[in-house]
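Colleague: Provided herewith: upload-v8.cif, mmCIF, C-alpha atoms.
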data_data
#
loop_
_atom_site.label_atom_id
_atom_site.label_comp_id
_atom_site.auth_asym_id
_atom_site.auth_seq_id
_atom_site.Cartn_x
_atom_site.Cartn_y
_atom_site.Cartn_z
CA LYS G 792 92.75 102.04 90.94
CA ASP G 793 94.38 104.50 93.34
CA VAL G 794 92.86 107.44 91.44
CA ALA G 795 89.44 105.80 91.47
CA GLU G 796 89.58 105.26 95.23
CA GLU G 797 90.65 108.86 95.79
CA VAL G 798 87.81 110.19 93.62
CA LEU G 799 85.28 107.91 95.30
CA ALA G 800 86.39 109.24 98.70
CA ASP G 801 85.84 112.81 97.48
CA ILE G 802 82.43 111.85 96.13
CA GLU G 803 81.46 110.27 99.43
CA SER G 804 82.25 113.53 101.21
CA VAL G 805 79.90 115.31 98.79
CA HIS G 806 77.15 112.81 99.62
CA VAL G 807 77.66 113.52 103.32
CA THR G 808 77.78 117.32 103.14
CA GLY G 809 76.06 118.27 99.85
CA ASN G 810 72.54 119.59 99.43
CA ASN G 811 72.57 120.95 95.86
CA PRO G 812 70.52 118.53 93.69
CA GLN G 813 72.63 119.12 90.58
CA VAL G 814 75.88 118.55 92.46
CA MET G 815 74.41 115.45 94.08
CA CYS G 816 73.54 114.06 90.63
CA HIS G 817 77.07 114.70 89.41
CA ALA G 818 78.46 112.94 92.47
CA ALA G 819 76.08 110.01 92.05
CA TYR G 820 77.00 109.65 88.37
CA TRP G 821 80.75 109.55 88.92
CA LYS G 822 80.36 107.21 91.88
CA SER G 823 78.36 104.80 89.71
CA PHE G 824 80.76 105.26 86.78
CA TYR G 825 83.88 104.42 88.79
CA GLU G 826 82.25 101.58 90.68
CA ALA G 827 80.94 100.07 87.44
CA HIS G 828 84.48 99.97 86.06
CA GLN G 829 85.84 98.53 89.29
CA LYS G 830 83.23 95.75 89.15
CA ALA G 831 83.75 94.99 85.47
CA GLY G 832 83.51 91.26 84.91
CA SER G 833 80.43 90.96 87.11
CA ALA G 834 77.58 92.62 85.24
CA ARG G 835 75.04 92.01 87.99
CA GLU G 836 77.22 93.80 90.53
CA MET G 837 77.77 96.59 88.00
CA LEU G 838 74.01 97.02 87.65
CA GLU G 839 73.61 97.18 91.42
CA GLY G 840 76.23 99.92 91.42
CA VAL G 841 74.47 102.09 88.84
CA GLU G 842 70.95 101.72 90.25
CA PRO G 843 71.40 104.52 92.84
CA PHE G 844 72.12 107.03 90.08
CA LEU G 845 69.21 105.79 87.96
CA SER G 846 66.88 106.13 90.94
CA LEU G 847 68.15 109.56 92.00
CA CYS G 848 68.55 111.15 88.56
CA GLY G 849 66.48 108.97 86.24
CA SER G 850 65.92 111.72 83.65
CA ASP G 851 69.65 112.44 83.36
CA GLU G 852 70.77 111.01 80.01
CA ARG G 853 74.05 109.84 81.49
CA GLY G 854 72.04 106.92 82.76
CA ALA G 855 72.21 105.58 79.21
CA THR G 856 76.00 105.47 79.44
CA LEU G 857 75.87 103.50 82.68
CA LEU G 858 73.31 100.99 81.42
CA SER G 859 75.39 100.49 78.28
CA LEU G 860 78.48 99.75 80.37
CA VAL G 861 76.53 96.97 82.08
CA ALA G 862 74.98 95.56 78.90
CA ASP G 863 78.30 95.54 77.05
CA ASP G 864 80.26 93.82 79.79
CA GLY G 865 81.41 90.40 78.68
CA SER G 866 79.95 88.77 81.79
CA ALA G 867 76.40 89.98 81.10
CA GLU G 868 73.98 87.13 80.49
CA ILE G 869 71.46 87.41 77.67
CA GLU G 870 68.54 88.08 80.01
CA LEU G 871 70.41 90.89 81.75
CA ARG G 872 71.54 92.47 78.49
CA ILE G 873 68.01 92.47 77.10
CA ARG G 874 66.70 93.97 80.35
CA CYS G 875 69.23 96.81 80.08
CA TYR G 876 68.42 97.44 76.42
CA ARG G 877 64.69 97.57 77.18
CA ARG G 878 65.34 100.21 79.83
CA LEU G 879 67.50 102.15 77.40
CA ALA G 880 64.79 102.12 74.74
CA LYS G 881 62.09 103.13 77.22
CA ASP G 882 63.86 105.63 79.48
CA TYR G 883 66.48 107.16 77.16
CA PRO G 884 64.96 107.06 73.64
CA ASN G 885 66.71 110.26 72.51
CA THR G 886 70.24 109.10 73.32
CA HIS G 887 72.57 107.29 70.93
CA GLN G 888 72.31 104.15 73.04
CA GLY G 889 68.52 104.40 73.32
CA ARG G 890 68.04 104.76 69.56
CA PHE G 891 69.86 101.50 68.90
CA ALA G 892 68.63 99.53 71.92
CA GLN G 893 65.63 97.93 70.22
CA GLY G 894 67.92 96.81 67.41
CA MET G 895 70.30 95.28 69.95
CA ILE G 896 67.43 93.21 71.32
CA HIS G 897 66.67 92.12 67.75
CA ARG G 898 70.33 91.22 67.27
CA ILE G 899 70.55 89.11 70.42
CA GLU G 900 67.25 87.36 69.82
CA GLY G 901 68.15 86.82 66.17
CA ILE G 902 70.90 84.32 66.96
CA GLY G 903 69.79 80.89 65.75
CA LYS G 904 67.20 82.35 63.39
CA PRO G 905 67.25 82.95 59.60
CA PHE G 906 69.06 86.10 58.50
CA VAL G 907 67.74 87.68 55.30
CA LEU G 908 69.28 90.54 53.34
CA SER G 909 68.49 91.51 49.76
CA PHE G 910 69.93 94.55 48.00
CA ARG G 911 71.44 95.93 44.80
CA ASP G 912 75.23 95.86 44.83
CA ALA G 913 76.48 99.46 44.83
CA VAL G 914 79.41 98.52 42.59
CA SER G 915 78.02 96.15 39.95
CA GLY G 916 74.32 96.97 40.20
CA ARG G 917 73.40 93.28 40.40
CA GLU G 918 70.80 91.93 42.83
CA VAL G 919 72.26 90.13 45.84
CA SER G 920 70.33 88.06 48.38
CA THR G 921 71.45 85.86 51.23
CA LYS G 922 68.64 83.50 50.15
CA ASP G 923 70.74 82.69 47.08
CA LEU G 924 73.79 81.92 49.19
CA HIS G 925 72.47 78.87 51.04
CA GLY G 926 75.22 76.28 51.27
CA LYS G 927 77.82 78.99 51.88
CA VAL G 928 79.09 80.66 55.01
CA VAL G 929 78.44 84.41 54.83
CA VAL G 930 80.32 87.16 56.67
CA ILE G 931 78.30 90.40 57.02
CA ASP G 932 80.66 93.34 57.58
CA PHE G 933 79.10 96.62 58.75
CA TRP G 934 81.72 99.25 58.01
CA ALA G 935 82.42 102.76 56.67
CA THR G 936 85.21 104.40 54.72
CA THR G 937 85.41 107.04 57.48
CA CYS G 938 85.90 104.38 60.18
CA VAL G 939 89.63 104.15 60.97
CA PRO G 940 89.49 100.62 62.51
CA CYS G 941 87.44 99.42 59.51
CA VAL G 942 90.01 100.72 57.05
CA ALA G 943 92.83 99.19 59.12
CA GLU G 944 91.02 95.84 58.94
CA VAL G 945 90.84 95.77 55.12
CA PRO G 946 94.16 94.00 54.41
CA ARG G 947 93.27 91.19 56.83
CA LEU G 948 89.77 90.86 55.34
CA LYS G 949 91.21 90.62 51.83
CA LYS G 950 93.61 87.91 52.96
CA LEU G 951 90.79 85.95 54.65
CA TYR G 952 88.58 86.32 51.60
CA GLU G 953 91.30 84.99 49.31
CA GLN G 954 91.95 82.11 51.71
CA TYR G 955 88.36 80.97 52.20
CA HIS G 956 86.29 82.14 49.25
CA ASP G 957 86.98 79.04 47.16
CA ARG G 958 86.03 76.92 50.17
CA GLY G 959 82.51 78.34 50.29
CA VAL G 960 82.79 81.61 52.22
CA GLU G 961 81.16 84.83 50.95
CA PHE G 962 81.60 88.37 52.25
CA ILE G 963 78.98 91.15 52.12
CA GLY G 964 79.86 94.72 53.03
CA VAL G 965 77.11 96.88 54.56
CA SER G 966 78.15 100.49 54.19
CA LEU G 967 77.54 102.93 57.03
CA ASP G 968 78.76 105.84 54.91
CA GLU G 969 76.72 109.03 54.76
CA SER G 970 74.16 110.15 52.16
CA GLU G 971 74.90 110.73 48.50
CA GLU G 972 74.57 114.48 49.11
CA GLN G 973 77.40 114.21 51.63
CA GLY G 974 79.52 112.16 49.26
CA GLY G 975 78.95 108.80 50.93
CA ARG G 976 78.33 106.73 47.80
CA ARG G 977 81.24 108.29 45.93
CA ALA G 978 83.56 107.66 48.88
CA LEU G 979 82.46 104.01 49.00
CA LEU G 980 82.91 103.40 45.27
CA ASP G 981 86.31 105.12 45.20
CA PHE G 982 87.52 103.14 48.20
CA VAL G 983 86.33 99.79 46.82
CA LYS G 984 88.05 100.51 43.51
CA ASN G 985 91.31 101.71 45.06
CA LYS G 986 91.52 98.80 47.52
CA GLN G 987 90.27 96.26 44.94
CA LEU G 988 87.53 94.82 47.12
CA THR G 989 85.70 92.16 45.16
CA TRP G 990 82.73 91.33 47.39
CA PRO G 991 79.33 93.11 47.06
CA GLN G 992 78.53 96.29 48.95
CA PHE G 993 75.14 97.33 50.30
CA TYR G 994 75.10 101.12 50.32
CA GLN G 995 72.28 102.18 52.65
CA GLY G 996 72.64 105.94 52.18
CA ASN G 997 71.92 107.30 55.64
CA GLY G 998 74.95 106.51 57.78
CA TYR G 999 74.27 104.98 61.18
CA ASP G 1000 70.61 105.96 60.92
CA SER G 1001 70.09 103.70 57.90
CA GLU G 1002 67.06 101.47 58.42
CA PHE G 1003 68.64 98.05 57.93
CA SER G 1004 71.72 98.45 60.13
CA ARG G 1005 69.77 100.34 62.78
CA SER G 1006 67.20 97.51 62.92
CA TRP G 1007 70.11 95.29 64.02
CA GLY G 1008 71.38 97.78 66.60
CA VAL G 1009 74.53 98.60 64.67
CA GLY G 1010 75.68 101.90 66.14
CA SER G 1011 79.42 101.34 65.86
CA ALA G 1012 81.84 99.89 63.34
CA PRO G 1013 83.28 97.53 62.47
CA THR G 1014 80.52 95.08 63.40
CA MET G 1015 80.44 91.58 61.92
CA PHE G 1016 77.83 88.85 61.77
CA LEU G 1017 78.40 85.25 60.73
CA ILE G 1018 75.72 83.33 58.83
CA ASP G 1019 75.98 79.56 58.53
CA ARG G 1020 75.40 77.40 55.44
CA ARG G 1021 71.68 77.14 56.19
CA GLY G 1022 71.24 80.91 56.34
CA ILE G 1023 71.07 81.00 60.13
CA LEU G 1024 72.64 83.85 62.15
CA ARG G 1025 75.31 82.22 64.30
CA SER G 1026 77.46 85.02 65.67
CA ILE G 1027 77.08 88.77 66.30
CA ASP G 1028 80.59 89.13 67.72
#
Here is the file; what I need is its structure written in the form of structure tokens.
Modeller:
Amino acid sequence: KDVAEEVLADIESVHVTGNNPQVMCHAAYWKSFYEAHQKAGSAREMLEGVEPFLSLCGSDERGATLLSLVADDGSAEIELRIRCYRRLAKDYPNTHQGRFAQGMIHRIEGIGKPFVLSFRDAVSGREVSTKDLHGKVVVIDFWATTCVPCVAEVPRLKKLYEQYHDRGVEFIGVSLDESEEQGGRRALLDFVKNKQLTWPQFYQGNGYDSEFSRSWGVGSAPTMFLIDRRGILRSID
């Protein structure tokens, strides 16, 4: 906090004395960045804090970072999150956050609606569909063999699977590994074999730009969805 206040004081002096547009944009960005973190827990106040930068330097792609901070804050209501994601998709389409913003809207609005996924299991080759799993709770795990937190999570997932599978819980892995040319499929198959994962794996083949995961705004891993016994998306957290 002390560092933030010191930096904000320096930035304020730039606002008072500066006249270089590029320097002013830098100052406005860091002012919004620090204030957003200081106001974390109140998304509406965070948004008010980043608006000056968005107004002054709207074409600067760092605006996507600030809007994402607001949208991802735990206090952000659904309406506010969707508003931020719409701005990201419209104003920053070439940023990482902008590319996945439309999918995030789909994800939020998908809660309480049917979730459908059909694919060929990368390991066994059999057809898998959530439509055939009605009556069971389904965990959808978006992950990658190159994702350190995902790999660290594997022992816990195996333990949960063993504990709940016979009680009507199914797991489906959705791989965010890279293309076959980059060794993504081989890495997935080797990992599943070595770690003895027994649930099906949907290998998409194009990393984070794969159509299915991107349509749900999945730009980071691990990401998990929970589907209820009626095939309804219940949780995206």
Colleague: With a distance cut-off of 9 Å and all atoms listed in the file, select the neighbouring residues of G:Ser833, excluding the residue or stretch itself and same-chain residues fewer than 5 positions from it, and output the selection as a PDB file with C-alpha atoms, in the frame of the given file.
Modeller:
ATOM      1  CA  LEU G 838      74.010  97.020  87.650  1.00  0.00           C
ATOM      2  CA  VAL G 861      76.530  96.970  82.080  1.00  0.00           C
ATOM      3  CA  ASP G 864      80.260  93.820  79.790  1.00  0.00           C
ATOM      4  CA  GLY G 865      81.410  90.400  78.680  1.00  0.00           C
ATOM      5  CA  SER G 866      79.950  88.770  81.790  1.00  0.00           C
ATOM      6  CA  ALA G 867      76.400  89.980  81.100  1.00  0.00           C
TER       7      ALA G 867
END
Colleague: Would you mind telling me which residue in G:Trp1007, G:Trp821, G:Tyr952, G:Tyr883 lies nearest to G:Met895 when using all atoms listed in the file?
Modeller: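 Of all the options, G:Trp1007 lies closest to G:Met895.
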Colleague: Compile the contact shell of G:Gln987 as a list in words: residues with an atom at most 12 Å away, counting all atoms listed in the file, same-chain residues fewer than 4 positions apart removed.
Modeller: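 In the requested format, the answer is Val914, Val945, Pro946, Leu948, Lys949, Leu979, Leu980, Asp981, Phe982, Val983 and Pro991 of chain G.
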Colleague: Got a sec to resolve the PyMOL selection byres ((chain G and resi 795) around 12) on this structure and send the residues as a list in words?
Modeller: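 Applying the expression gives Lys792, Asp793, Val794, Glu796, Glu797, Val798, Leu799, Ala800, Asp801, Ile802, Trp821, Lys822, Ser823, Phe824, Tyr825, Glu826, Ala827, His828 and Gln829 of chain G.
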Colleague: Which residues fall under the PyMOL selection byres ((chain G and resi 910) around 7) in this file, as JSON, numbers by chain?
Modeller: {"G": [908, 909, 911, 912, 918, 919, 920, 993]}
Colleague: With C-alpha atoms retained, export the selected residues as a short mmCIF file (atom, residue, chain, number, x, y, z; two decimals), keeping the file's coordinate frame.
Modeller:
data_model
loop_
_atom_site.label_atom_id
_atom_site.label_comp_id
_atom_site.auth_asym_id
_atom_site.auth_seq_id
_atom_site.Cartn_x
_atom_site.Cartn_y
_atom_site.Cartn_z
CA LEU G 908 69.28 90.54 53.34
CA SER G 909 68.49 91.51 49.76
CA ARG G 911 71.44 95.93 44.80
CA ASP G 912 75.23 95.86 44.83
CA GLU G 918 70.80 91.93 42.83
CA VAL G 919 72.26 90.13 45.84
CA SER G 920 70.33 88.06 48.38
CA PHE G 993 75.14 97.33 50.30
#
Colleague: Within 10 Å of G:Ser1004, counting only C-alpha atoms, which residues show up once you throw out same-chain ones fewer than 3 positions away? Write them as a VMD selection string, please.
Modeller: chain G and resid 891 894 933 965 to 967 995 997 to 1001 1007 to 1010 1014
Colleague: Out of G:Thr808, G:Gln992, G:Gln888, G:Thr937, which residue has the shortest atom-to-atom distance to G:Asp863 when counting all atoms listed in the file?
Modeller: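 Smallest distance to G:Asp863 is found for G:Gln888.
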Colleague: Tell me which residues the PyMOL selection byres ((chain G and resi 876) around 10) grabs here, as JSON, numbers by chain.
Modeller: {"G": [855, 858, 859, 861, 862, 871, 872, 873, 874, 875, 877, 878, 879, 880, 881, 882, 883, 888, 889, 891, 892, 893, 894, 895, 896]}
